[in-house]
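Chemist: File data-v2.csv below, CSV, C-alpha atoms:
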```csv
chain,number,residue,atom,x,y,z
A,1,MET,CA,0.0,0.0,0.0
A,2,ALA,CA,2.9,2.3,0.9
A,3,LYS,CA,4.6,1.6,-2.5
A,4,LYS,CA,1.4,2.4,-4.4
A,5,GLN,CA,1.1,5.7,-2.5
A,6,GLU,CA,4.7,6.6,-3.3
A,7,TRP,CA,4.1,5.7,-7.0
A,8,VAL,CA,1.0,8.0,-7.1
A,9,GLU,CA,2.9,10.8,-5.5
A,10,GLU,CA,5.8,10.4,-7.9
A,11,SER,CA,3.4,10.4,-10.9
A,12,VAL,CA,1.7,13.6,-9.6
A,13,GLY,CA,5.0,15.2,-9.1
A,14,LEU,CA,6.1,14.3,-12.7
A,15,ASN,CA,2.9,15.6,-14.1
A,16,LYS,CA,3.2,18.8,-12.3
A,17,LYS,CA,6.8,19.2,-13.5
A,18,ASP,CA,5.7,18.5,-17.1
A,19,ARG,CA,3.0,21.1,-16.8
A,20,ILE,CA,5.5,23.7,-15.5
A,21,ILE,CA,7.9,22.9,-18.3
A,22,LYS,CA,5.2,23.2,-20.9
A,23,GLN,CA,4.1,26.5,-19.5
A,24,ILE,CA,7.6,27.8,-19.6
A,25,VAL,CA,8.0,26.7,-23.2
A,26,TYR,CA,4.7,28.3,-24.2
A,27,ASN,CA,5.7,31.5,-22.4
A,28,LEU,CA,9.0,31.7,-24.1
A,29,ILE,CA,7.4,31.1,-27.5
A,30,LEU,CA,4.9,33.9,-26.8
A,31,ILE,CA,7.7,36.2,-25.7
A,32,LEU,CA,9.6,35.5,-29.0
A,33,VAL,CA,6.5,36.2,-31.0
A,34,CYS,CA,5.8,39.4,-29.2
A,35,VAL,CA,9.3,40.6,-29.7
A,36,ALA,CA,9.1,39.7,-33.4
A,37,VAL,CA,5.8,41.6,-33.8
A,38,LEU,CA,6.8,44.6,-31.7
A,39,TYR,CA,10.3,45.1,-32.9
A,40,PRO,CA,9.3,46.9,-36.2
A,41,VAL,CA,6.9,49.1,-34.2
A,42,VAL,CA,9.6,50.1,-31.8
A,43,TRP,CA,12.0,50.7,-34.7
A,44,VAL,CA,9.5,53.1,-36.4
A,45,VAL,CA,8.9,54.9,-33.1
A,46,LYS,CA,12.7,55.3,-32.7
A,47,MET,CA,13.0,56.7,-36.2
A,48,ALA,CA,10.2,59.1,-35.6
A,49,LEU,CA,11.9,60.4,-32.5
A,50,THR,CA,15.3,60.7,-34.1
A,51,PRO,CA,16.4,63.8,-36.0
A,52,ASN,CA,15.4,63.4,-39.7
A,53,GLU,CA,19.0,63.6,-41.0
A,54,LEU,CA,20.1,60.8,-38.6
A,55,ALA,CA,17.0,58.6,-38.9
A,56,SER,CA,18.4,56.6,-41.8
A,57,VAL,CA,21.6,55.7,-40.0
A,58,GLY,CA,20.2,54.9,-36.6
A,59,GLY,CA,20.9,57.3,-33.8
A,60,SER,CA,20.3,56.7,-30.1
A,61,TRP,CA,17.5,57.2,-27.7
A,62,SER,CA,19.5,60.1,-26.2
A,63,MET,CA,18.7,62.2,-29.3
A,64,VAL,CA,14.9,62.0,-28.8
A,65,THR,CA,13.1,64.9,-30.5
A,66,LEU,CA,9.6,65.8,-31.6
A,67,ASP,CA,10.8,67.9,-34.6
A,68,ASN,CA,9.7,65.3,-37.1
A,69,PHE,CA,6.1,65.3,-35.8
A,70,SER,CA,6.2,69.1,-35.7
A,71,HIS,CA,7.4,69.2,-39.3
A,72,VAL,CA,4.7,66.8,-40.5
A,73,ILE,CA,1.8,68.5,-38.7
A,74,PHE,CA,2.7,72.2,-39.4
A,75,LYS,CA,4.0,71.8,-42.9
A,76,THR,CA,2.5,74.6,-45.2
A,77,ASN,CA,2.1,75.2,-48.9
A,78,GLN,CA,2.8,78.3,-50.8
A,79,ASN,CA,-0.5,79.9,-49.7
A,80,GLY,CA,0.3,79.3,-46.0
A,81,ASP,CA,-2.2,76.5,-45.6
A,82,TYR,CA,-1.5,73.8,-43.1
A,83,LEU,CA,-1.5,70.8,-45.3
A,84,PHE,CA,-1.7,68.1,-42.6
A,85,PHE,CA,-5.0,69.4,-41.2
A,86,HIS,CA,-6.6,69.6,-44.7
A,87,GLN,CA,-5.4,66.1,-45.6
A,88,LEU,CA,-6.5,64.7,-42.2
A,89,TRP,CA,-9.9,66.3,-42.8
A,90,ASN,CA,-10.1,64.8,-46.3
A,91,SER,CA,-9.2,61.3,-45.0
A,92,VAL,CA,-11.8,61.6,-42.2
A,93,ILE,CA,-14.6,62.8,-44.5
A,94,VAL,CA,-13.8,60.2,-47.2
A,95,SER,CA,-13.5,57.3,-44.7
A,96,ALA,CA,-16.6,58.3,-42.6
A,97,ILE,CA,-18.9,58.8,-45.6
A,98,THR,CA,-17.6,55.6,-47.3
A,99,THR,CA,-18.3,53.7,-44.1
A,100,VAL,CA,-21.9,55.1,-43.7
A,101,ILE,CA,-22.8,54.5,-47.4
A,102,GLY,CA,-21.1,51.1,-47.4
A,103,VAL,CA,-22.8,49.8,-44.3
A,104,LEU,CA,-26.2,51.1,-45.3
A,105,LEU,CA,-26.0,49.5,-48.8
A,106,ALA,CA,-24.4,46.3,-47.5
A,107,CYS,CA,-27.0,45.8,-44.7
A,108,THR,CA,-30.0,46.1,-47.0
A,109,ALA,CA,-28.4,44.1,-49.8
A,110,ALA,CA,-27.2,41.3,-47.5
A,111,TYR,CA,-30.6,41.0,-45.8
A,112,GLY,CA,-32.2,40.7,-49.2
A,113,PHE,CA,-29.8,38.0,-50.3
A,114,ALA,CA,-30.2,36.2,-47.0
A,115,ARG,CA,-34.0,36.2,-46.6
A,116,LEU,CA,-35.7,36.9,-49.9
A,117,LYS,CA,-36.0,34.5,-52.8
A,118,PHE,CA,-35.8,36.2,-56.2
A,119,VAL,CA,-34.6,35.6,-59.7
A,120,GLY,CA,-30.9,36.1,-60.1
A,121,ARG,CA,-30.1,35.8,-56.4
A,122,GLU,CA,-27.3,33.2,-56.8
A,123,MET,CA,-26.0,35.0,-59.9
A,124,GLY,CA,-25.8,38.3,-57.9
A,125,LEU,CA,-23.9,36.7,-55.1
A,126,ASN,CA,-21.5,35.0,-57.5
A,127,ALA,CA,-21.0,38.3,-59.3
A,128,PHE,CA,-19.9,39.9,-56.1
A,129,LEU,CA,-17.3,37.1,-55.7
A,130,VAL,CA,-16.1,37.6,-59.2
A,131,THR,CA,-15.4,41.3,-58.6
A,132,GLN,CA,-13.2,40.3,-55.6
A,133,MET,CA,-11.0,38.3,-57.9
A,134,PHE,CA,-9.5,41.3,-59.6
A,135,PRO,CA,-7.3,43.9,-57.9
A,136,GLY,CA,-8.5,47.5,-57.8
A,137,VAL,CA,-5.7,48.6,-60.1
A,138,VAL,CA,-7.4,46.8,-63.0
A,139,MET,CA,-10.4,49.2,-62.7
A,140,MET,CA,-8.3,52.3,-62.3
A,141,ILE,CA,-8.4,53.5,-65.9
A,142,PRO,CA,-12.1,53.0,-66.4
A,143,LEU,CA,-12.8,54.7,-63.1
A,144,TYR,CA,-10.6,57.6,-64.0
A,145,ILE,CA,-12.5,58.1,-67.3
A,146,ILE,CA,-15.9,57.9,-65.6
A,147,LEU,CA,-14.9,60.3,-62.9
A,148,GLY,CA,-13.4,62.7,-65.5
A,149,LYS,CA,-16.7,62.7,-67.4
A,150,LEU,CA,-18.6,63.4,-64.2
A,151,GLY,CA,-16.2,66.1,-63.2
A,152,LEU,CA,-15.2,64.3,-60.0
A,153,THR,CA,-11.5,64.0,-60.4
A,154,ASP,CA,-9.5,65.8,-57.7
A,155,ASN,CA,-12.8,65.7,-55.7
A,156,VAL,CA,-13.5,64.0,-52.4
A,157,LEU,CA,-16.9,62.8,-53.6
A,158,GLY,CA,-15.2,60.9,-56.4
A,159,LEU,CA,-13.1,59.0,-53.9
A,160,VAL,CA,-16.2,58.3,-51.7
A,161,LEU,CA,-18.1,56.7,-54.7
A,162,VAL,CA,-15.1,54.6,-55.7
A,163,TYR,CA,-14.3,53.4,-52.2
A,164,SER,CA,-18.0,52.6,-51.4
A,165,VAL,CA,-18.3,50.4,-54.5
A,166,SER,CA,-14.9,48.7,-53.9
A,167,ALA,CA,-15.7,47.7,-50.3
A,168,LEU,CA,-19.3,46.6,-51.0
A,169,PRO,CA,-18.8,43.0,-52.2
A,170,PHE,CA,-16.9,41.9,-49.0
A,171,CYS,CA,-19.4,43.8,-46.8
A,172,VAL,CA,-22.4,42.2,-48.4
A,173,TRP,CA,-20.9,38.7,-48.1
A,174,ASN,CA,-19.8,39.2,-44.5
A,175,LEU,CA,-23.2,40.5,-43.4
A,176,LYS,CA,-25.1,38.0,-45.5
A,177,GLY,CA,-23.3,35.1,-43.7
A,178,TYR,CA,-24.2,36.7,-40.3
A,179,PHE,CA,-27.8,37.2,-41.2
A,180,ASP,CA,-28.0,33.5,-42.1
A,181,THR,CA,-27.1,32.7,-38.5
A,182,ILE,CA,-30.0,34.7,-37.1
A,183,PRO,CA,-33.0,32.3,-36.5
A,184,LYS,CA,-35.9,33.0,-38.8
A,185,GLU,CA,-38.3,32.1,-36.0
A,186,LEU,CA,-37.6,35.6,-34.5
A,187,GLU,CA,-38.8,37.3,-37.6
A,188,GLU,CA,-41.8,35.0,-38.0
A,189,ALA,CA,-42.8,35.8,-34.4
A,190,ALA,CA,-42.6,39.5,-35.3
A,191,ILE,CA,-44.7,38.9,-38.4
A,192,VAL,CA,-47.4,37.3,-36.3
A,193,ASP,CA,-47.4,40.3,-34.1
A,194,GLY,CA,-48.1,42.5,-37.1
A,195,ALA,CA,-44.6,44.0,-37.8
A,196,SER,CA,-43.8,45.0,-41.3
A,197,ARG,CA,-40.7,43.7,-43.1
A,198,PHE,CA,-38.9,47.0,-42.6
A,199,LYS,CA,-39.7,47.1,-38.9
A,200,ILE,CA,-38.4,43.6,-38.5
A,201,PHE,CA,-35.2,44.5,-40.3
A,202,TRP,CA,-34.7,47.7,-38.2
A,203,THR,CA,-35.8,46.5,-34.7
A,204,VAL,CA,-35.0,42.8,-34.8
A,205,VAL,CA,-32.3,41.9,-37.3
A,206,LEU,CA,-30.0,44.9,-37.1
A,207,PRO,CA,-29.6,44.9,-33.2
A,208,LEU,CA,-28.7,41.2,-33.4
A,209,ALA,CA,-26.2,41.8,-36.1
A,210,ARG,CA,-24.2,44.5,-34.3
A,211,PRO,CA,-21.0,42.5,-34.2
A,212,ALA,CA,-21.0,41.9,-37.9
A,213,ILE,CA,-22.0,45.5,-38.6
A,214,ALA,CA,-19.0,46.7,-36.4
A,215,ILE,CA,-16.5,44.6,-38.4
A,216,THR,CA,-18.1,45.7,-41.7
A,217,ALA,CA,-17.8,49.3,-40.7
A,218,LEU,CA,-14.2,48.9,-39.6
A,219,PHE,CA,-13.3,47.2,-42.9
A,220,SER,CA,-15.0,50.0,-44.9
A,221,PHE,CA,-13.2,52.7,-42.8
A,222,MET,CA,-9.8,51.0,-43.2
A,223,THR,CA,-10.3,50.5,-46.9
A,224,ALA,CA,-10.8,54.2,-47.4
A,225,TRP,CA,-8.3,55.3,-44.8
A,226,ASN,CA,-5.3,53.3,-46.1
A,227,GLU,CA,-6.0,53.3,-49.9
A,228,PHE,CA,-3.2,55.0,-51.8
A,229,ILE,CA,-3.1,54.1,-55.5
A,230,LEU,CA,-6.5,55.4,-56.5
A,231,ALA,CA,-6.3,58.5,-54.3
A,232,ALA,CA,-2.8,59.3,-55.8
A,233,THR,CA,-4.2,58.9,-59.3
A,234,PHE,CA,-7.5,60.8,-58.9
A,235,MET,CA,-6.1,63.7,-56.7
A,236,ASN,CA,-3.9,66.3,-58.3
A,237,ASN,CA,-3.9,69.2,-55.8
A,238,GLU,CA,-1.8,68.8,-52.7
A,239,ILE,CA,-4.4,70.2,-50.5
A,240,ASN,CA,-6.9,67.6,-51.6
A,241,TYR,CA,-4.6,64.6,-50.8
A,242,THR,CA,-5.5,62.0,-48.3
A,243,LEU,CA,-3.0,61.1,-45.6
A,244,PRO,CA,-1.5,58.0,-47.4
A,245,VAL,CA,-0.8,60.1,-50.5
A,246,ALA,CA,0.7,62.9,-48.4
A,247,LEU,CA,3.1,60.3,-46.8
A,248,LYS,CA,4.4,59.4,-50.3
A,249,GLN,CA,5.9,62.8,-50.6
A,250,TYR,CA,8.5,61.9,-48.1
A,251,VAL,CA,9.7,59.0,-50.3
A,252,GLY,CA,11.6,60.4,-53.3
A,253,ALA,CA,13.3,58.8,-56.3
A,254,GLN,CA,16.8,59.6,-54.9
A,255,SER,CA,16.3,59.7,-51.1
A,256,VAL,CA,13.8,59.0,-48.3
A,257,GLU,CA,13.1,61.3,-45.4
A,258,TYR,CA,12.9,58.5,-42.9
A,259,GLY,CA,12.2,60.6,-39.8
A,260,TYR,CA,9.3,62.5,-41.4
A,261,PHE,CA,7.9,59.4,-43.0
A,262,ALA,CA,8.0,57.4,-39.7
A,263,ALA,CA,6.3,60.3,-37.8
A,264,GLY,CA,3.7,60.6,-40.4
A,265,ALA,CA,3.1,56.8,-40.4
A,266,ILE,CA,2.5,56.9,-36.6
A,267,LEU,CA,0.0,59.8,-36.9
A,268,VAL,CA,-1.9,58.0,-39.7
A,269,SER,CA,-2.1,54.8,-37.7
A,270,ILE,CA,-3.5,56.4,-34.5
A,271,PRO,CA,-7.2,56.6,-35.7
A,272,ILE,CA,-7.2,53.0,-36.9
A,273,MET,CA,-5.7,51.7,-33.6
A,274,ALA,CA,-8.3,53.7,-31.7
A,275,LEU,CA,-11.1,52.1,-33.7
A,276,PHE,CA,-9.6,48.6,-33.1
A,277,PHE,CA,-9.6,49.2,-29.3
A,278,ALA,CA,-13.1,50.7,-29.4
A,279,LEU,CA,-14.6,47.8,-31.5
A,280,GLN,CA,-12.4,44.9,-30.2
A,281,LYS,CA,-15.3,43.3,-28.3
A,282,ASN,CA,-17.2,42.9,-31.6
A,283,LEU,CA,-14.3,41.9,-33.9
A,284,VAL,CA,-14.1,38.2,-33.1
A,285,GLY,CA,-17.9,37.6,-33.1
A,286,GLY,CA,-18.3,39.6,-36.3
A,287,LEU,CA,-15.5,37.7,-38.2
A,288,THR,CA,-16.3,34.2,-37.0
A,289,ALA,CA,-20.1,34.1,-36.9
A,290,GLY,CA,-20.4,35.4,-40.4
A,291,SER,CA,-18.5,32.4,-41.7
A,292,VAL,CA,-20.7,29.8,-40.1
A,293,LYS,CA,-23.2,29.8,-42.9
A,294,GLY,CA,-23.0,31.0,-46.5
```
Could the structure of this file be written out as structure tokens, please?

Modeler:
Amino acid sequence: MAKKQEWVEESVGLNKKDRIIKQIVYNLILILVCVAVLYPVVWVVKMALTPNELASVGGSWSMVTLDNFSHVIFKTNQNGDYLFFHQLWNSVIVSAITTVIGVLLACTAAYGFARLKFVGREMGLNAFLVTQMFPGVVMMIPLYIILGKLGLTDNVLGLVLVYSVSALPFCVWNLKGYFDTIPKELEEAAIVDGASRFKIFWTVVLPLARPAIAITALFSFMTAWNEFILAATFMNNEINYTLPVALKQYVGAQSVEYGYFAAGAILVSIPIMALFFALQKNLVGGLTAGSVKG
């Protein structure tokens, strides 16, 4: 009996040691992953805080300065306009309007595809998928010609229209998948109570789909906020640039102003990071639940 008890105690001790060793190994792996992910971020921050003329060769933390941020924020054109604030306003307006339009159109379209049976339903869904197979650059020339005929080149409204259309296929499919997971019995109960189709959509479906709507809104905002190629093509006046296009000015054919570029990159990233933190509770649910059914 005593031998059996000793064997049990030894087994428990070995299992405890194995768990501790595994935990240490997992922690070391996580630390290495965190270092690999955070190192580029720390590097960019260091470059942004280093004088611009020394940023390309390194420098040290003892030479910390905010001159790069000051240069980016208070840079002016020939008319004395502060370009950064105009470009920030352009990015905010384009991204916000694109998000509102994209979410409104995607919600109604996705609900129709998820709940209504009509001719061409499958063809419409497949058409959305086909449009996602081609990069946006392929449509650049036709879009430029269309916007030119409409007089919307070098115009914020032109970018809003282009970005709204570009983000719509993903948004529709993401929301359609989420609407499929909502039990139809809830809508049928509302119909029995005399609710109209619009009232059901507005008071029953949309509140339940908030996680998917949040991730859809975030995707639309990020698409408009980070897009560079189309904005650089359609915008000619420096004061009408969005922030990604403005950052490109610090990258020349012969040299790169690393300090200014790093400071600008940090400033451009702040709104996106703030949105991620604000919507983080809905991100996992919105991304995973929409993929359960299609």

Chemist: Quick one: of A:Arg197, A:Lys281, A:Tyr260, A:Ile73, who's nearest to Lys46 (chain A), counting only C-alpha atoms?

Modeler: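 Result for the nearest residue to Lys46 (chain A): A:Tyr260.
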
Chemist: Compare A:Leu157, A:Cys171, A:Val245, A:Leu38 by their minimum atom-to-atom distance to Phe221 (chain A), counting all atoms listed in the file, and give me the closest one.

Modeler: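 Of A:Leu157, A:Cys171, A:Val245, A:Leu38, the one nearest Phe221 (chain A), counting all atoms listed in the file, is A:Cys171.
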
Chemist: CA of Leu105 (chain A) and CA of Leu275 (chain A), how far apart in Å?

Modeler: 21.4 Å

Chemist: For region 107-121 of chain A, list every protein, DNA or RNA residue within 7 Å, evaluated using all atoms listed in the file, and leave out those in the same chain fewer than 2 positions away; present the list as an NGL selection string.

Modeler: :A and (103-105 or 123-125 or 172-173 or 175-176 or 179-180)

Chemist: Please write the residues from the selection above to a file, keeping C-alpha atoms, as a PDB file, in the frame of the given file.

Modeler:
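Saved file part36.pdb follows:
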```pdb
ATOM      1  CA  VAL A 103     -22.800  49.800 -44.300  1.00  0.00           C
ATOM      2  CA  LEU A 104     -26.200  51.100 -45.300  1.00  0.00           C
ATOM      3  CA  LEU A 105     -26.000  49.500 -48.800  1.00  0.00           C
ATOM      4  CA  MET A 123     -26.000  35.000 -59.900  1.00  0.00           C
ATOM      5  CA  GLY A 124     -25.800  38.300 -57.900  1.00  0.00           C
ATOM      6  CA  LEU A 125     -23.900  36.700 -55.100  1.00  0.00           C
ATOM      7  CA  VAL A 172     -22.400  42.200 -48.400  1.00  0.00           C
ATOM      8  CA  TRP A 173     -20.900  38.700 -48.100  1.00  0.00           C
ATOM      9  CA  LEU A 175     -23.200  40.500 -43.400  1.00  0.00           C
ATOM     10  CA  LYS A 176     -25.100  38.000 -45.500  1.00  0.00           C
ATOM     11  CA  PHE A 179     -27.800  37.200 -41.200  1.00  0.00           C
ATOM     12  CA  ASP A 180     -28.000  33.500 -42.100  1.00  0.00           C
TER      13      ASP A 180
END
```

Chemist: When you draw a straight line from CA of Leu83 (chain A) to CA of Leu150 (chain A), how long is it in Å?

Modeler: 26.5 Å

Chemist: I'd like the contact shell of Tyr258 (chain A) - 7 Å cut-off, all atoms listed in the file, skipping same-chain residues fewer than 3 positions apart - returned as a PyMOL selection string.

Modeler: chain A and resi 47+52+55-56+261-262

Chemist: Which residues are close to region 162-166 of chain A, i.e. within 8 Å by only C-alpha atoms, leaving aside same-chain residues fewer than 5 positions away? Reply as a list in words.

Modeler: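 Counting only the stated atoms, we get Thr98, Thr99, Ile101, Gly102, Gly136, Leu143, Ser220, Thr223 and Ala224 of chain A.
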
Chemist: How many Å lie between CA of Asp81 (chain A) and CA of Ala231 (chain A), rounded to one decimal?

Modeler: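 Spanning CA of Asp81 (chain A) to CA of Ala231 (chain A) is a straight-line distance of 20.4 Å.
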
Chemist: Rank A:Gly158, A:Gly264, A:Pro271, A:Pro183 by their smallest atom-to-atom distance to Val72 (chain A), using all atoms listed in the file, and report the top residue only.

Modeler: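 Closest to Val72 (chain A) of all the choices is A:Gly264.
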
Chemist: Could you pull the residues within 8 Å of region 84-91 of chain A, counting all atoms listed in the file, minus those fewer than 3 positions along the same chain, as a short mmCIF file (atom, residue, chain, number, x, y, z; two decimals) with C-alpha atoms, in the frame of the given file?

Modeler:
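Everything below was put into result_18.cif:
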```
data_model
loop_
_atom_site.label_atom_id
_atom_site.label_comp_id
_atom_site.auth_asym_id
_atom_site.auth_seq_id
_atom_site.Cartn_x
_atom_site.Cartn_y
_atom_site.Cartn_z
CA VAL A 72 4.70 66.80 -40.50
CA ILE A 73 1.80 68.50 -38.70
CA PHE A 74 2.70 72.20 -39.40
CA LYS A 75 4.00 71.80 -42.90
CA VAL A 94 -13.80 60.20 -47.20
CA SER A 95 -13.50 57.30 -44.70
CA VAL A 156 -13.50 64.00 -52.40
CA ALA A 224 -10.80 54.20 -47.40
CA TRP A 225 -8.30 55.30 -44.80
CA ILE A 239 -4.40 70.20 -50.50
CA ASN A 240 -6.90 67.60 -51.60
CA TYR A 241 -4.60 64.60 -50.80
CA THR A 242 -5.50 62.00 -48.30
CA LEU A 243 -3.00 61.10 -45.60
CA ALA A 246 0.70 62.90 -48.40
#
```

Chemist: With all atoms listed in the file as the basis for distance, which of A:Met140, A:Leu129, A:Ala278, A:Val41 is at the shortest distance from Leu218 (chain A)?

Modeler: A:Ala278

Chemist: Write out as an NGL selection string the residues lying within 12 Å of Met63 (chain A), counting all atoms listed in the file and excluding same-chain residues fewer than 3 positions away.

Modeler: :A and (46-55 or 58-60 or 66-67)

Chemist: Which of these, A:Phe277, A:Trp202, A:Phe219, A:Phe228, has the shortest distance to Phe170 (chain A) once you count all atoms listed in the file?

Modeler: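 Comparing A:Phe277, A:Trp202, A:Phe219, A:Phe228 against Phe170 (chain A), the winner is A:Phe219.
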